[in-house]
Amino acid sequence: MAQYVFLLFDTEDWYDQVSTAEEFQAQMKLHNDFAAAVAAAGASMLGGEALERSSTASTVRQGSGEPLVTDGPFIETKEALGGFYVIDCKDLDQALALAKLCPSPNIEVRPVMPTS
Amino acid sequence: MPTAREVAAVVEGAHREYWSTVLASTVRLTRDLDLAEDCTQEAFVQALRTWPDGIPSNPAGWLTTVARRLALDRFRRETTLRRKLPLLIEDPGAPGDSEQPTDPLRLVFTCCHPALARDAQVALTLRLICGLTTREVAAGLLISESTAAARITRAKKKIAAAGIPYRIPDDHELADRLDVVLTVVQLVYTAGHVAAGPELMRAELTGRAIELAQLLVRLMPAEPEPQALLGLLLMTQARGDARLSEDGELVLLADQDRSRWDARLLGEGLARATAALQQGHGRFALQAAIAGLHVTAPSWDQTDWHQVVRMYDAMLLGWPSPIVELNRAAAHSLVPGADLTAVLAELDALGNEPALKAYAYLPATRADVLARLDRPDEAVKAYDEAIDLTANGAEQRFLEHRRAALINGSTADGRRGVGGGGLERPGRGGVGAG
């Protein structure tokens, strides 16, 4: 088993679209379904969170002199990082198959470096 | 006692035929690509040394045994052998397990995994399946040796770090995964077919691609698409002699002396394509069908363009792409009585496609249609565009010739559809290939 981080990138429309409790529940259902799919595949969901929108981000940049704190995400992109999962999978094929089921239009699947 | 030259020839032949088999079998034992490669390489070196004393009756068996023994030696000597590039092997079994016939297939699917970049897939296939040296890979792909080495190393590291498993895809993923493999093989063929590098290397690559297709047919006898690809490559190969004039200039399919086509290769290619088409209309089956329509026509003008268009329509249904749309429009322009103004409109619309922005075949096709619509000034401009975009010397000279002919007022030379035809690359599944 190997750990993979799923980085979920999306436009930030959903923050505005999810204004009622019902819409929020609908989103949660998608993610609950995903969690069930992970378990059904024999993989393990080790963690994951939705993130507040990218305008809430702060960046700390190390350079010469004092670290610089600025407002906003590190990189401005059309699609922003909106959430992540850490999943223990059999191999990359399983991770990719699960990523196809994950409710997000763009997902980066990155292997976690083993610490042993 | 065999002579040194005879031995060298036998070892070379064994290398060509059995490299991937021996490597795949050794990988099963080492679970590490680099180590398996080293041991396999060393086995062939040993063959050169010991076969002068007698060539084994089962060269593949001998080589596999030696490679695996070398790997076991390494394990014993280096008790804390940390795998540099460990492979995730499904159903690994015990290390002493004998090889499985499916092992070369695992190697193929690993080299062509979709998580690897396309040029990594090609380089890895040439190195690990064909057994080309890094220098040979570089020469074939027209890159520096260090670039080739780096590309292959990065790919192997990604396989290890990202956990690309060493397995044959499940049934539900097989069609998609196989399509990638066949695309890679087609790219190897194209690299050799498009006259850019030295003659010898090009012949090496087209030959290797055909062998790869034959290997896939052997390993997956029930699958129609590898058969289709083999048919397509053989039919393209059959036209090889007629492609270039004595001066090394490109000869269009439209102008080729069809009597110079290799009848045996054509026959085999058609048989393969027919067999594949009977089992399905996959992407490669359709490309093979189009090639078949070309090679069975007595001449360019007598080609069943209507059927060719229908094949492209089928391709667009399953695998829509701007390039296929372009090829379809070009074929459509050749159907007797075609509405050329409508075709021109289609071609103009395709001008907005990002994928075709740097694709010479589009303006070349436009130029031809414009010429036939008796709009020579616009046609000349389109030829200019095409000439700017093509990197291939033979194609450039051909386009300049067509442009010059237009300026000299010889538009009405009776040829239809030759403007775009010469630029087709076999890998694009298009019409009018050389």
# chains A, B, ... in the order shown; residues from 1 in each chain; ligands from 1

call {"tool": "residues_around", "arguments": {"residues": "Ser55 in chain A", "least_positions_apart": "6", "cutoff": "8 Å", "atoms": "only C-alpha atoms", "output": "PDB file with N, CA and C atoms, in the first residue's frame"}}
result
ATOM      1  N   ASP A  71      -0.739  38.470   1.319  1.00  0.00           N
ATOM      2  CA  ASP A  71      -2.116  38.009   1.205  1.00  0.00           C
ATOM      3  C   ASP A  71      -2.217  37.106  -0.024  1.00  0.00           C
ATOM      4  N   GLY A  72      -3.029  36.060   0.069  1.00  0.00           N
ATOM      5  CA  GLY A  72      -3.358  35.269  -1.117  1.00  0.00           C
ATOM      6  C   GLY A  72      -2.553  33.984  -1.239  1.00  0.00           C
ATOM      7  N   PRO A  73      -2.931  33.143  -2.218  1.00  0.00           N
ATOM      8  CA  PRO A  73      -2.244  31.859  -2.412  1.00  0.00           C
ATOM      9  C   PRO A  73      -0.873  32.074  -3.024  1.00  0.00           C
TER      10      PRO A  73
END

call {"tool": "select_by_dssp", "arguments": {"residues": "chain A", "states": "helix (DSSP H, G or I)", "output": "NGL selection string"}}
result
:A and (13-17 or 21-40 or 54-56 or 92-101)

call {"tool": "write_last_selection", "arguments": {"atoms": "N, CA and C atoms", "output": "compact mmCIF listing (two decimals), in the first residue's frame"}}
result
# COMPACT_ATOMS: atom_id res chain seq x y z
N ASP A 13 -16.43 28.73 -7.96
CA ASP A 13 -17.88 29.02 -8.04
C ASP A 13 -18.65 28.37 -6.91
N TRP A 14 -18.22 27.18 -6.53
CA TRP A 14 -19.06 26.41 -5.62
C TRP A 14 -19.23 27.09 -4.28
N TYR A 15 -18.24 27.91 -3.91
CA TYR A 15 -18.39 28.62 -2.63
C TYR A 15 -19.64 29.52 -2.65
N ASP A 16 -19.88 30.15 -3.82
CA ASP A 16 -21.05 31.01 -3.95
C ASP A 16 -22.31 30.19 -4.17
N GLN A 17 -22.13 29.05 -4.87
CA GLN A 17 -23.32 28.26 -5.20
C GLN A 17 -23.86 27.53 -3.98
N ALA A 21 -28.51 25.24 2.89
CA ALA A 21 -28.16 23.98 3.56
C ALA A 21 -28.30 22.81 2.61
N GLU A 22 -29.32 22.89 1.74
CA GLU A 22 -29.56 21.77 0.80
C GLU A 22 -28.40 21.59 -0.16
N GLU A 23 -27.94 22.73 -0.70
CA GLU A 23 -26.84 22.64 -1.66
C GLU A 23 -25.60 22.09 -0.98
N PHE A 24 -25.38 22.51 0.26
CA PHE A 24 -24.23 22.02 1.00
C PHE A 24 -24.34 20.51 1.20
N GLN A 25 -25.55 20.07 1.58
CA GLN A 25 -25.77 18.63 1.78
C GLN A 25 -25.50 17.86 0.50
N ALA A 26 -25.91 18.46 -0.64
CA ALA A 26 -25.70 17.79 -1.93
C ALA A 26 -24.21 17.59 -2.18
N GLN A 27 -23.44 18.61 -1.89
CA GLN A 27 -21.98 18.51 -2.05
C GLN A 27 -21.41 17.44 -1.12
N MET A 28 -21.86 17.47 0.12
CA MET A 28 -21.35 16.51 1.10
C MET A 28 -21.67 15.09 0.66
N LYS A 29 -22.86 14.93 0.07
CA LYS A 29 -23.24 13.59 -0.38
C LYS A 29 -22.24 13.08 -1.41
N LEU A 30 -21.84 13.97 -2.33
CA LEU A 30 -20.87 13.56 -3.34
C LEU A 30 -19.60 13.05 -2.68
N HIS A 31 -19.16 13.77 -1.66
CA HIS A 31 -17.92 13.37 -1.01
C HIS A 31 -18.10 12.14 -0.14
N ASN A 32 -19.27 11.99 0.45
CA ASN A 32 -19.54 10.77 1.21
C ASN A 32 -19.57 9.56 0.29
N ASP A 33 -20.16 9.75 -0.90
CA ASP A 33 -20.19 8.67 -1.88
C ASP A 33 -18.76 8.29 -2.26
N PHE A 34 -17.93 9.31 -2.39
CA PHE A 34 -16.54 9.04 -2.74
C PHE A 34 -15.85 8.24 -1.64
N ALA A 35 -16.09 8.64 -0.40
CA ALA A 35 -15.48 7.91 0.72
C ALA A 35 -15.92 6.45 0.70
N ALA A 36 -17.17 6.23 0.37
CA ALA A 36 -17.68 4.85 0.29
C ALA A 36 -16.99 4.10 -0.84
N ALA A 37 -16.77 4.78 -1.96
CA ALA A 37 -16.10 4.13 -3.09
C ALA A 37 -14.68 3.75 -2.73
N VAL A 38 -14.02 4.62 -1.97
CA VAL A 38 -12.64 4.32 -1.54
C VAL A 38 -12.63 3.06 -0.69
N ALA A 39 -13.54 3.00 0.26
CA ALA A 39 -13.60 1.82 1.12
C ALA A 39 -13.95 0.57 0.33
N ALA A 40 -14.91 0.71 -0.59
CA ALA A 40 -15.32 -0.43 -1.40
C ALA A 40 -14.18 -0.98 -2.23
N SER A 54 -9.49 30.56 -1.86
CA SER A 54 -8.09 30.97 -1.94
C SER A 54 -7.86 32.41 -1.49
N SER A 55 -8.90 33.23 -1.49
CA SER A 55 -8.71 34.61 -1.01
C SER A 55 -8.45 34.65 0.49
N THR A 56 -8.71 33.54 1.16
CA THR A 56 -8.44 33.50 2.61
C THR A 56 -7.02 33.05 2.90
N LEU A 92 -0.61 3.02 -8.07
CA LEU A 92 -1.07 4.22 -8.78
C LEU A 92 -2.34 3.95 -9.57
N ASP A 93 -2.46 2.77 -10.14
CA ASP A 93 -3.65 2.46 -10.92
C ASP A 93 -4.91 2.59 -10.07
N GLN A 94 -4.82 2.09 -8.83
CA GLN A 94 -5.99 2.20 -7.96
C GLN A 94 -6.23 3.67 -7.61
N ALA A 95 -5.15 4.40 -7.32
CA ALA A 95 -5.28 5.83 -6.99
C ALA A 95 -5.94 6.59 -8.13
N LEU A 96 -5.50 6.30 -9.36
CA LEU A 96 -6.07 7.00 -10.51
C LEU A 96 -7.53 6.62 -10.73
N ALA A 97 -7.84 5.35 -10.54
CA ALA A 97 -9.23 4.92 -10.69
C ALA A 97 -10.12 5.63 -9.68
N LEU A 98 -9.61 5.79 -8.46
CA LEU A 98 -10.39 6.50 -7.43
C LEU A 98 -10.48 7.99 -7.74
N ALA A 99 -9.39 8.55 -8.26
CA ALA A 99 -9.41 9.98 -8.60
C ALA A 99 -10.48 10.27 -9.64
N LYS A 100 -10.72 9.30 -10.53
CA LYS A 100 -11.77 9.49 -11.54
C LYS A 100 -13.15 9.57 -10.88
N LEU A 101 -13.28 9.00 -9.68
CA LEU A 101 -14.57 9.03 -8.98
C LEU A 101 -14.68 10.21 -8.03

call {"tool": "interface_residues", "arguments": {"of": "chain B", "to": "chain A", "cutoff": "12 Å", "atoms": "only C-alpha atoms", "output": "NGL selection string"}}
result
:B and (87-90 or 109-110 or 113-116 or 158-170 or 172-173 or 177)

call {"tool": "select_by_dssp", "arguments": {"residues": "chain A", "states": "strand (DSSP E or B)", "output": "PyMOL selection string"}}
result
chain A and resi 2-10+44-50+58-61+68-71+80-89+106-111

call {"tool": "write_last_selection", "arguments": {"atoms": "N, CA and C atoms", "output": "compact mmCIF listing (two decimals), in the first residue's frame"}}
result
# COMPACT_ATOMS: atom_id res chain seq x y z
N ALA A 2 0.47 2.22 -0.72
CA ALA A 2 1.23 3.46 -0.81
C ALA A 2 0.28 4.63 -0.65
N GLN A 3 0.79 5.69 -0.04
CA GLN A 3 -0.08 6.84 0.21
C GLN A 3 -0.01 7.84 -0.93
N TYR A 4 -1.15 8.37 -1.27
CA TYR A 4 -1.24 9.40 -2.31
C TYR A 4 -2.04 10.57 -1.77
N VAL A 5 -1.62 11.77 -2.15
CA VAL A 5 -2.42 12.94 -1.84
C VAL A 5 -3.19 13.32 -3.10
N PHE A 6 -4.47 13.50 -2.96
CA PHE A 6 -5.30 14.00 -4.06
C PHE A 6 -5.48 15.48 -3.82
N LEU A 7 -5.00 16.30 -4.74
CA LEU A 7 -5.18 17.75 -4.62
C LEU A 7 -6.32 18.14 -5.55
N LEU A 8 -7.37 18.69 -4.98
CA LEU A 8 -8.58 18.97 -5.74
C LEU A 8 -8.58 20.42 -6.20
N PHE A 9 -8.52 20.62 -7.50
CA PHE A 9 -8.53 21.97 -8.06
C PHE A 9 -9.86 22.23 -8.75
N ASP A 10 -10.37 23.45 -8.56
CA ASP A 10 -11.68 23.78 -9.14
C ASP A 10 -11.79 25.30 -9.24
N SER A 44 -7.81 2.98 1.79
CA SER A 44 -8.14 3.63 3.07
C SER A 44 -8.02 5.13 2.96
N MET A 45 -9.07 5.81 3.40
CA MET A 45 -9.04 7.26 3.45
C MET A 45 -8.37 7.65 4.76
N LEU A 46 -7.20 8.25 4.67
CA LEU A 46 -6.48 8.58 5.89
C LEU A 46 -6.80 9.97 6.38
N GLY A 47 -7.29 10.80 5.49
CA GLY A 47 -7.61 12.17 5.91
C GLY A 47 -8.06 12.97 4.72
N GLY A 48 -8.45 14.18 4.98
CA GLY A 48 -8.88 15.05 3.89
C GLY A 48 -9.70 16.19 4.45
N GLU A 49 -9.64 17.30 3.77
CA GLU A 49 -10.41 18.47 4.22
C GLU A 49 -10.82 19.29 3.02
N ALA A 50 -11.92 20.00 3.17
CA ALA A 50 -12.23 21.07 2.23
C ALA A 50 -11.50 22.31 2.73
N SER A 58 -2.90 32.94 3.12
CA SER A 58 -1.77 33.84 3.36
C SER A 58 -0.53 33.06 2.96
N THR A 59 0.43 33.76 2.43
CA THR A 59 1.66 33.09 2.00
C THR A 59 2.84 33.63 2.76
N VAL A 60 3.70 32.73 3.21
CA VAL A 60 4.94 33.14 3.85
C VAL A 60 6.07 32.76 2.93
N ARG A 61 6.79 33.76 2.48
CA ARG A 61 7.88 33.55 1.53
C ARG A 61 9.21 33.74 2.20
N LEU A 68 8.66 36.92 4.27
CA LEU A 68 7.67 37.91 3.87
C LEU A 68 6.28 37.31 3.91
N VAL A 69 5.38 37.98 4.60
CA VAL A 69 3.99 37.51 4.64
C VAL A 69 3.18 38.32 3.64
N THR A 70 2.46 37.62 2.76
CA THR A 70 1.58 38.34 1.84
C THR A 70 0.20 37.73 1.84
N ASP A 71 -0.74 38.47 1.32
CA ASP A 71 -2.12 38.01 1.20
C ASP A 71 -2.22 37.11 -0.02
N ALA A 80 -8.30 26.92 -8.43
CA ALA A 80 -7.65 27.04 -7.13
C ALA A 80 -7.72 25.72 -6.38
N LEU A 81 -6.78 25.55 -5.46
CA LEU A 81 -6.80 24.36 -4.59
C LEU A 81 -7.95 24.50 -3.62
N GLY A 82 -8.89 23.53 -3.69
CA GLY A 82 -10.09 23.66 -2.86
C GLY A 82 -10.19 22.60 -1.78
N GLY A 83 -9.34 21.60 -1.88
CA GLY A 83 -9.44 20.54 -0.87
C GLY A 83 -8.40 19.47 -1.15
N PHE A 84 -8.29 18.52 -0.25
CA PHE A 84 -7.34 17.43 -0.46
C PHE A 84 -7.81 16.18 0.26
N TYR A 85 -7.30 15.06 -0.20
CA TYR A 85 -7.50 13.78 0.48
C TYR A 85 -6.14 13.10 0.61
N VAL A 86 -5.96 12.31 1.66
CA VAL A 86 -4.80 11.44 1.76
C VAL A 86 -5.34 10.02 1.78
N ILE A 87 -4.96 9.24 0.76
CA ILE A 87 -5.56 7.92 0.62
C ILE A 87 -4.48 6.86 0.47
N ASP A 88 -4.62 5.81 1.19
CA ASP A 88 -3.71 4.68 1.10
C ASP A 88 -4.25 3.73 0.03
N CYS A 89 -3.48 3.56 -1.03
CA CYS A 89 -3.93 2.76 -2.17
C CYS A 89 -2.97 1.62 -2.44
N ASN A 106 -10.55 18.72 -11.58
CA ASN A 106 -9.12 18.59 -11.81
C ASN A 106 -8.44 18.08 -10.56
N ILE A 107 -7.81 16.93 -10.67
CA ILE A 107 -7.19 16.36 -9.49
C ILE A 107 -5.73 16.02 -9.77
N GLU A 108 -4.85 16.51 -8.93
CA GLU A 108 -3.45 16.09 -9.02
C GLU A 108 -3.26 14.95 -8.03
N VAL A 109 -2.68 13.87 -8.50
CA VAL A 109 -2.43 12.71 -7.65
C VAL A 109 -0.94 12.65 -7.40
N ARG A 110 -0.52 12.88 -6.17
CA ARG A 110 0.91 12.96 -5.86
C ARG A 110 1.27 11.89 -4.85
N PRO A 111 2.30 11.08 -5.13
CA PRO A 111 2.67 10.06 -4.14
C PRO A 111 3.33 10.72 -2.93

call {"tool": "residues_around", "arguments": {"residues": "Arg154 in chain B", "least_positions_apart": "6", "cutoff": "12 Å", "atoms": "only C-alpha atoms", "output": "count of residues only"}}
result
14

call {"tool": "atom_distance", "arguments": {"atom1": "CA of Glu223 in chain B", "atom2": "CA of Arg28 in chain B"}}
result
24.8 Å

call {"tool": "residues_around", "arguments": {"residues": "Ile210 in chain B", "least_positions_apart": "2", "cutoff": "12 Å", "atoms": "only C-alpha atoms", "output": "number ranges by chain"}}
result
B: 130, 182, 184-190, 192-193, 203-208, 212-217, 226-238, 265, 269

call {"tool": "atom_distance", "arguments": {"atom1": "CA of Leu286 in chain B", "atom2": "CA of Ala338 in chain B"}}
result
22.5 Å

call {"tool": "residues_around", "arguments": {"residues": "Arg328 in chain B", "least_positions_apart": "4", "cutoff": "7 Å", "atoms": "only C-alpha atoms", "output": "short mmCIF file (atom, residue, chain, number, x, y, z; two decimals) with C-alpha atoms, in the first residue's frame"}}
result
data_model
loop_
_atom_site.label_atom_id
_atom_site.label_comp_id
_atom_site.auth_asym_id
_atom_site.auth_seq_id
_atom_site.Cartn_x
_atom_site.Cartn_y
_atom_site.Cartn_z
CA VAL B 309 -15.26 9.49 -45.82
CA TYR B 312 -13.61 8.95 -41.05
CA VAL B 324 -9.51 13.46 -38.12
CA HIS B 332 -14.59 14.64 -48.91
#

call {"tool": "residues_around", "arguments": {"residues": "range 383-385 of chain B", "least_positions_apart": "3", "cutoff": "9 Å", "atoms": "only C-alpha atoms", "output": "PyMOL selection string"}}
result
chain B and resi 360+363-368+378-380+388-390+399-400+402-403+419

call {"tool": "atom_distance", "arguments": {"atom1": "CA of Thr133 in chain B", "atom2": "CA of Val45 in chain B"}}
result
13.6 Å

call {"tool": "decode", "arguments": {"residues": "range 65-103 of chain A", "atoms": "N, CA and C atoms", "output": "PDB file, in the first residue's frame"}}
result
ATOM      1  N   GLY A  65      16.790  37.967   4.139  1.00  0.00           N
ATOM      2  CA  GLY A  65      16.149  38.823   5.148  1.00  0.00           C
ATOM      3  C   GLY A  65      14.987  38.118   5.812  1.00  0.00           C
ATOM      4  N   GLU A  66      14.077  38.890   6.340  1.00  0.00           N
ATOM      5  CA  GLU A  66      12.925  38.349   7.063  1.00  0.00           C
ATOM      6  C   GLU A  66      11.970  37.636   6.122  1.00  0.00           C
ATOM      7  N   PRO A  67      11.311  36.565   6.593  1.00  0.00           N
ATOM      8  CA  PRO A  67      10.267  35.946   5.775  1.00  0.00           C
ATOM      9  C   PRO A  67       9.164  36.956   5.494  1.00  0.00           C
ATOM     10  N   LEU A  68       8.664  36.922   4.271  1.00  0.00           N
ATOM     11  CA  LEU A  68       7.673  37.907   3.865  1.00  0.00           C
ATOM     12  C   LEU A  68       6.276  37.307   3.913  1.00  0.00           C
ATOM     13  N   VAL A  69       5.383  37.977   4.602  1.00  0.00           N
ATOM     14  CA  VAL A  69       3.989  37.512   4.642  1.00  0.00           C
ATOM     15  C   VAL A  69       3.181  38.324   3.642  1.00  0.00           C
ATOM     16  N   THR A  70       2.464  37.622   2.760  1.00  0.00           N
ATOM     17  CA  THR A  70       1.576  38.339   1.835  1.00  0.00           C
ATOM     18  C   THR A  70       0.196  37.734   1.843  1.00  0.00           C
ATOM     19  N   ASP A  71      -0.739  38.470   1.319  1.00  0.00           N
ATOM     20  CA  ASP A  71      -2.116  38.009   1.205  1.00  0.00           C
ATOM     21  C   ASP A  71      -2.217  37.106  -0.024  1.00  0.00           C
ATOM     22  N   GLY A  72      -3.029  36.060   0.069  1.00  0.00           N
ATOM     23  CA  GLY A  72      -3.358  35.269  -1.117  1.00  0.00           C
ATOM     24  C   GLY A  72      -2.553  33.984  -1.239  1.00  0.00           C
ATOM     25  N   PRO A  73      -2.931  33.143  -2.218  1.00  0.00           N
ATOM     26  CA  PRO A  73      -2.244  31.859  -2.412  1.00  0.00           C
ATOM     27  C   PRO A  73      -0.873  32.074  -3.024  1.00  0.00           C
ATOM     28  N   PHE A  74      -0.063  31.047  -2.984  1.00  0.00           N
ATOM     29  CA  PHE A  74       1.298  31.134  -3.496  1.00  0.00           C
ATOM     30  C   PHE A  74       1.299  31.429  -4.999  1.00  0.00           C
ATOM     31  N   ILE A  75       0.468  30.690  -5.711  1.00  0.00           N
ATOM     32  CA  ILE A  75       0.373  30.911  -7.157  1.00  0.00           C
ATOM     33  C   ILE A  75      -1.078  31.231  -7.504  1.00  0.00           C
ATOM     34  N   GLU A  76      -1.277  32.247  -8.288  1.00  0.00           N
ATOM     35  CA  GLU A  76      -2.618  32.559  -8.776  1.00  0.00           C
ATOM     36  C   GLU A  76      -2.880  31.702  -9.998  1.00  0.00           C
ATOM     37  N   THR A  77      -3.874  30.865  -9.915  1.00  0.00           N
ATOM     38  CA  THR A  77      -4.217  30.056 -11.089  1.00  0.00           C
ATOM     39  C   THR A  77      -5.704  30.167 -11.335  1.00  0.00           C
ATOM     40  N   LYS A  78      -6.085  29.772 -12.564  1.00  0.00           N
ATOM     41  CA  LYS A  78      -7.509  29.827 -12.886  1.00  0.00           C
ATOM     42  C   LYS A  78      -8.304  28.907 -11.949  1.00  0.00           C
ATOM     43  N   GLU A  79      -7.788  27.699 -11.796  1.00  0.00           N
ATOM     44  CA  GLU A  79      -8.400  26.788 -10.832  1.00  0.00           C
ATOM     45  C   GLU A  79      -7.608  26.858  -9.539  1.00  0.00           C
ATOM     46  N   ALA A  80      -8.301  26.917  -8.427  1.00  0.00           N
ATOM     47  CA  ALA A  80      -7.645  27.035  -7.135  1.00  0.00           C
ATOM     48  C   ALA A  80      -7.720  25.716  -6.383  1.00  0.00           C
ATOM     49  N   LEU A  81      -6.779  25.548  -5.456  1.00  0.00           N
ATOM     50  CA  LEU A  81      -6.800  24.363  -4.592  1.00  0.00           C
ATOM     51  C   LEU A  81      -7.952  24.504  -3.619  1.00  0.00           C
ATOM     52  N   GLY A  82      -8.891  23.533  -3.686  1.00  0.00           N
ATOM     53  CA  GLY A  82     -10.085  23.662  -2.862  1.00  0.00           C
ATOM     54  C   GLY A  82     -10.191  22.601  -1.781  1.00  0.00           C
ATOM     55  N   GLY A  83      -9.337  21.596  -1.875  1.00  0.00           N
ATOM     56  CA  GLY A  83      -9.441  20.539  -0.872  1.00  0.00           C
ATOM     57  C   GLY A  83      -8.399  19.475  -1.149  1.00  0.00           C
ATOM     58  N   PHE A  84      -8.289  18.523  -0.253  1.00  0.00           N
ATOM     59  CA  PHE A  84      -7.339  17.434  -0.461  1.00  0.00           C
ATOM     60  C   PHE A  84      -7.814  16.180   0.257  1.00  0.00           C
ATOM     61  N   TYR A  85      -7.296  15.059  -0.200  1.00  0.00           N
ATOM     62  CA  TYR A  85      -7.495  13.785   0.478  1.00  0.00           C
ATOM     63  C   TYR A  85      -6.145  13.100   0.607  1.00  0.00           C
ATOM     64  N   VAL A  86      -5.964  12.312   1.659  1.00  0.00           N
ATOM     65  CA  VAL A  86      -4.803  11.440   1.760  1.00  0.00           C
ATOM     66  C   VAL A  86      -5.343  10.024   1.778  1.00  0.00           C
ATOM     67  N   ILE A  87      -4.956   9.243   0.760  1.00  0.00           N
ATOM     68  CA  ILE A  87      -5.556   7.922   0.616  1.00  0.00           C
ATOM     69  C   ILE A  87      -4.476   6.864   0.474  1.00  0.00           C
ATOM     70  N   ASP A  88      -4.623   5.808   1.190  1.00  0.00           N
ATOM     71  CA  ASP A  88      -3.715   4.675   1.102  1.00  0.00           C
ATOM     72  C   ASP A  88      -4.249   3.733   0.028  1.00  0.00           C
ATOM     73  N   CYS A  89      -3.475   3.564  -1.031  1.00  0.00           N
ATOM     74  CA  CYS A  89      -3.935   2.758  -2.167  1.00  0.00           C
ATOM     75  C   CYS A  89      -2.974   1.622  -2.438  1.00  0.00           C
ATOM     76  N   LYS A  90      -3.469   0.648  -3.189  1.00  0.00           N
ATOM     77  CA  LYS A  90      -2.635  -0.487  -3.576  1.00  0.00           C
ATOM     78  C   LYS A  90      -1.475  -0.018  -4.462  1.00  0.00           C
ATOM     79  N   ASP A  91      -1.797   0.802  -5.432  1.00  0.00           N
ATOM     80  CA  ASP A  91      -0.802   1.284  -6.395  1.00  0.00           C
ATOM     81  C   ASP A  91      -1.376   2.483  -7.140  1.00  0.00           C
ATOM     82  N   LEU A  92      -0.610   3.021  -8.072  1.00  0.00           N
ATOM     83  CA  LEU A  92      -1.067   4.221  -8.776  1.00  0.00           C
ATOM     84  C   LEU A  92      -2.338   3.950  -9.568  1.00  0.00           C
ATOM     85  N   ASP A  93      -2.457   2.768 -10.143  1.00  0.00           N
ATOM     86  CA  ASP A  93      -3.655   2.461 -10.921  1.00  0.00           C
ATOM     87  C   ASP A  93      -4.909   2.589 -10.074  1.00  0.00           C
ATOM     88  N   GLN A  94      -4.819   2.085  -8.830  1.00  0.00           N
ATOM     89  CA  GLN A  94      -5.989   2.204  -7.961  1.00  0.00           C
ATOM     90  C   GLN A  94      -6.227   3.674  -7.610  1.00  0.00           C
ATOM     91  N   ALA A  95      -5.153   4.399  -7.323  1.00  0.00           N
ATOM     92  CA  ALA A  95      -5.284   5.828  -6.990  1.00  0.00           C
ATOM     93  C   ALA A  95      -5.941   6.587  -8.133  1.00  0.00           C
ATOM     94  N   LEU A  96      -5.504   6.296  -9.358  1.00  0.00           N
ATOM     95  CA  LEU A  96      -6.072   7.002 -10.510  1.00  0.00           C
ATOM     96  C   LEU A  96      -7.533   6.624 -10.730  1.00  0.00           C
ATOM     97  N   ALA A  97      -7.838   5.351 -10.537  1.00  0.00           N
ATOM     98  CA  ALA A  97      -9.231   4.916 -10.694  1.00  0.00           C
ATOM     99  C   ALA A  97     -10.116   5.635  -9.682  1.00  0.00           C
ATOM    100  N   LEU A  98      -9.610   5.793  -8.459  1.00  0.00           N
ATOM    101  CA  LEU A  98     -10.386   6.495  -7.428  1.00  0.00           C
ATOM    102  C   LEU A  98     -10.479   7.988  -7.743  1.00  0.00           C
ATOM    103  N   ALA A  99      -9.386   8.552  -8.260  1.00  0.00           N
ATOM    104  CA  ALA A  99      -9.408   9.983  -8.599  1.00  0.00           C
ATOM    105  C   ALA A  99     -10.484  10.271  -9.637  1.00  0.00           C
ATOM    106  N   LYS A 100     -10.721   9.303 -10.527  1.00  0.00           N
ATOM    107  CA  LYS A 100     -11.775   9.488 -11.536  1.00  0.00           C
ATOM    108  C   LYS A 100     -13.147   9.565 -10.880  1.00  0.00           C
ATOM    109  N   LEU A 101     -13.284   9.002  -9.680  1.00  0.00           N
ATOM    110  CA  LEU A 101     -14.570   9.030  -8.980  1.00  0.00           C
ATOM    111  C   LEU A 101     -14.679  10.213  -8.030  1.00  0.00           C
ATOM    112  N   CYS A 102     -13.571  10.933  -7.857  1.00  0.00           N
ATOM    113  CA  CYS A 102     -13.555  12.002  -6.859  1.00  0.00           C
ATOM    114  C   CYS A 102     -14.275  13.224  -7.414  1.00  0.00           C
ATOM    115  N   PRO A 103     -15.182  13.837  -6.612  1.00  0.00           N
ATOM    116  CA  PRO A 103     -15.975  14.953  -7.127  1.00  0.00           C
ATOM    117  C   PRO A 103     -15.184  16.252  -7.263  1.00  0.00           C
TER     118      PRO A 103
END
